[in-house]
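Asks: A single structure is presented below for examination.
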Amino acid sequence: MKKVLITGADGQLGFELQRSLPDGFECLATDKDALDITDAQAVNAYIQQQKPDVIINSAAYTAVDKAEEETDLAIAINTTGAKNLAQAAKDNHIKLVQISTDFVFDGKACSPYKVDAVTDPDGYYGKTKRDGDNLVAEILGDDALIIRTSWLYSSHGSNFVKTMLRFMQEREELGIIADQIGTPTWANSLANAVWKAIELDTTGFHHWSDAGVASWYDFAYAIMEEGVSLGLLDKEITINPITTADYPTPASRPCYSVLDKTVTWKELRLKSDHWRVALRNMMKELKAN
């Protein structure tokens, strides 16, 4: 029986990792109260006591706009926390899976970002994640495994899908940004990829999202269509496409952040479902619950 330590276990990916735990693994699920990854001494003490075989770092400061003000907290969790886990993993010969984000890229591309594309984030959230990833790669060298993902959602926790469903019940009309392009990712899909990467002892930088591309407007429209079809919504409402300029935020978002997954699909011998298929499956879960 192998032990796997999951940080950020109360988040969307942490939830999906726990419920898809493969046979032969014992789960050590921790939130920030059980394990403060920003405290190197606490991390080392926990590792020494529990002796996990694998660490999956799904803990992250993900409040993109707040990160522009709470920079110290974002650095502590996303950069220092990743560094602390990487150093403990190296000292104790433990595999570490670092979960990262499409926000490490500049968003100016016009074709999917390859795993070795230059990272140049335009906000503190992306910068702190990029710096954490680089430290993991520096400390662990060829043993490092960093998996970037995008537009994550799940039946657990707060996310765009559940927010849209609530707004669509409450309002007759919505304006949704149509000039930011990426790929939605069901956290269940990412969790399965993580377990496959661990099984195959995969290393290096990798990308995982569901297949296809969408704007936030496309995503919202699909949520409405699926919601009505499944009986989660009473009726369709008016959804208007708007621009990023129409909805200013403290932190800028990538205009284009589609991830190239061909390397990862090949190495893991695993393909993503199209994001519409994954969305439908997740929303069926919502209805069942």
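In the structure tokens, the first chain shown is A, the next is B, and so on; residue numbers restart at 1 for each chain, and ligands run from 1 in the order shown.
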Near Arg171 of chain A, within 10 Å and counting only C-alpha atoms, which residues show up once chain neighbours fewer than 3 positions away are dropped, as a VMD selection string?
Replies: chain A and resid 166 to 168 174 237 to 238
Asks: So that I can see what lies close to segment 269-278 of chain A, please list as number ranges by chain the residues with an atom at most 6 Å from it, counting only C-alpha atoms and leaving out residues fewer than 4 positions away in the same chain.
Replies: A: 210-212, 265
Asks: I'd like the contact shell of Leu259 of chain A - 9 Å cut-off, only C-alpha atoms, skipping same-chain residues fewer than 2 positions apart - returned as number ranges by chain.
Replies: A: 102, 111-115, 148-150, 182-183, 207-209, 257, 261
Asks: Would you mind exporting the chosen residues as a compact mmCIF listing (two decimals), in the first residue's frame, restricted to N, CA, C and O atoms?
Replies:
```
# COMPACT_ATOMS: atom_id res chain seq x y z
N ASP A 102 -2.52 27.72 -16.80
CA ASP A 102 -2.31 28.41 -18.08
C ASP A 102 -1.91 29.88 -17.89
O ASP A 102 -1.41 30.52 -18.81
N SER A 111 -1.77 30.14 -31.38
CA SER A 111 -1.84 28.69 -31.49
C SER A 111 -1.54 28.12 -30.11
O SER A 111 -0.94 28.80 -29.28
N PRO A 112 -1.97 26.89 -29.83
CA PRO A 112 -1.83 26.34 -28.48
C PRO A 112 -0.38 26.37 -27.96
O PRO A 112 0.56 26.09 -28.69
N TYR A 113 -0.25 26.71 -26.68
CA TYR A 113 1.06 26.79 -26.03
C TYR A 113 1.64 25.40 -25.83
O TYR A 113 1.02 24.54 -25.21
N LYS A 114 2.83 25.18 -26.35
CA LYS A 114 3.52 23.91 -26.15
C LYS A 114 4.14 23.89 -24.76
O LYS A 114 4.30 24.93 -24.12
N VAL A 115 4.52 22.70 -24.29
CA VAL A 115 5.02 22.56 -22.92
C VAL A 115 6.30 23.34 -22.69
O VAL A 115 6.60 23.75 -21.56
N ARG A 148 0.34 21.59 -16.06
CA ARG A 148 -0.44 22.82 -16.19
C ARG A 148 -1.85 22.49 -16.68
O ARG A 148 -2.03 21.60 -17.52
N THR A 149 -2.83 23.24 -16.18
CA THR A 149 -4.21 23.02 -16.59
C THR A 149 -4.91 24.36 -16.75
O THR A 149 -4.28 25.43 -16.57
N SER A 150 -6.20 24.35 -17.10
CA SER A 150 -6.90 25.61 -17.37
C SER A 150 -8.39 25.49 -17.07
O SER A 150 -8.98 24.42 -17.19
N GLY A 182 -9.82 29.84 -24.27
CA GLY A 182 -9.07 28.81 -23.56
C GLY A 182 -9.80 27.47 -23.67
O GLY A 182 -10.56 27.25 -24.62
N THR A 183 -9.60 26.62 -22.68
CA THR A 183 -10.29 25.33 -22.68
C THR A 183 -10.77 24.99 -21.27
O THR A 183 -9.97 24.90 -20.35
N HIS A 207 0.93 19.36 -20.10
CA HIS A 207 -0.31 20.12 -20.17
C HIS A 207 -1.49 19.16 -20.17
O HIS A 207 -1.46 18.13 -20.85
N TRP A 208 -2.52 19.52 -19.41
CA TRP A 208 -3.76 18.74 -19.44
C TRP A 208 -4.97 19.64 -19.31
O TRP A 208 -5.11 20.40 -18.35
N SER A 209 -5.82 19.58 -20.29
CA SER A 209 -7.15 20.18 -20.21
C SER A 209 -8.06 19.28 -21.03
O SER A 209 -7.59 18.32 -21.65
N SER A 257 -5.22 31.21 -24.08
CA SER A 257 -4.42 30.35 -23.20
C SER A 257 -4.70 28.87 -23.44
O SER A 257 -4.70 28.06 -22.51
N LYS A 261 -1.64 19.72 -25.84
CA LYS A 261 -1.60 18.52 -24.99
C LYS A 261 -1.04 17.30 -25.71
O LYS A 261 -1.07 16.20 -25.16
```
Asks: For the strand (DSSP E) assignment from backbone DSSP, which residues of segment 50-216 of chain A qualify? Please present them as an MDAnalysis selection string.
Replies: chainID A and resid 54:57 95:101 145:149 152:153 173:177 181:182 185:186 204:207 214:215
Asks: Set out as CSV a contact list for segment 191-217 of chain A and segment 7-15 of chain A with a cut-off of 12 Å, giving each residue of segment 191-217 of chain A that qualifies its closest atom pair and distance in Å to one decimal, counting only C-alpha atoms, ordered by chain and rising residue number.
Replies:
```
residue,atom,partner,partner_atom,distance
A:Ala191,CA,A:Leu13,CA,6.5
A:Asn192,CA,A:Leu13,CA,10.2
A:Ala193,CA,A:Leu13,CA,11.3
A:Val194,CA,A:Leu13,CA,10.0
A:Trp195,CA,A:Leu13,CA,11.9
```
Asks: Can you pull out every residue within 6 Å of Thr128 of chain A, counting only C-alpha atoms, but drop anything in the same chain fewer than 5 positions away, and send it as a short mmCIF file (atom, residue, chain, number, x, y, z; two decimals) with all heavy atoms, in the first residue's frame?
Replies:
```cif
data_model
loop_
_atom_site.label_atom_id
_atom_site.label_comp_id
_atom_site.auth_asym_id
_atom_site.auth_seq_id
_atom_site.Cartn_x
_atom_site.Cartn_y
_atom_site.Cartn_z
N ILE A 75 2.54 34.65 -2.90
CA ILE A 75 3.93 34.16 -2.97
C ILE A 75 4.14 33.03 -1.96
O ILE A 75 4.75 32.00 -2.28
CB ILE A 75 4.92 35.30 -2.72
CG1 ILE A 75 4.91 36.29 -3.89
CG2 ILE A 75 6.34 34.76 -2.51
CD1 ILE A 75 5.65 37.59 -3.62
N ASN A 78 1.92 29.86 -3.36
CA ASN A 78 2.21 29.37 -4.71
C ASN A 78 3.69 29.18 -5.00
O ASN A 78 4.05 28.30 -5.80
CB ASN A 78 1.62 30.32 -5.76
CG ASN A 78 0.11 30.35 -5.74
OD1 ASN A 78 -0.53 29.46 -5.19
ND2 ASN A 78 -0.47 31.37 -6.33
N THR A 79 4.53 30.00 -4.37
CA THR A 79 5.97 29.92 -4.64
C THR A 79 6.72 29.23 -3.51
O THR A 79 7.33 28.17 -3.70
CB THR A 79 6.56 31.32 -4.88
OG1 THR A 79 5.81 31.99 -5.91
CG2 THR A 79 8.02 31.24 -5.28
#
```
Asks: So, counting only C-alpha atoms, which residue among A:Ile56, A:Ala214, A:Val43, A:Cys255 is closest to Cys27 of chain A?
Replies: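 Going through A:Ile56, A:Ala214, A:Val43, A:Cys255 one by one, the smallest distance to Cys27 of chain A is for A:Ile56.
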Asks: Pick the closest to Thr264 of chain A from A:Ser252, A:Asn240, A:Gln41, A:Thr203: which is it, counting only C-alpha atoms?
Replies: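 Using only C-alpha atoms, the shortest distance to Thr264 of chain A belongs to A:Thr203.
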Asks: From the DSSP assignment of the backbone, select every residue of segment 40-96 of chain A that is helix (DSSP H, G or I), and format the answer as a PyMOL selection string.
Replies: chain A and resi 40-50+66-68+71-91
Asks: Quick one: of A:Thr163, A:Gln169, A:Asn92, A:Ser155, who's nearest to Gly231 of chain A, counting only C-alpha atoms?
Replies: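 Of A:Thr163, A:Gln169, A:Asn92, A:Ser155, the one nearest Gly231 of chain A is A:Gln169, counting only C-alpha atoms.
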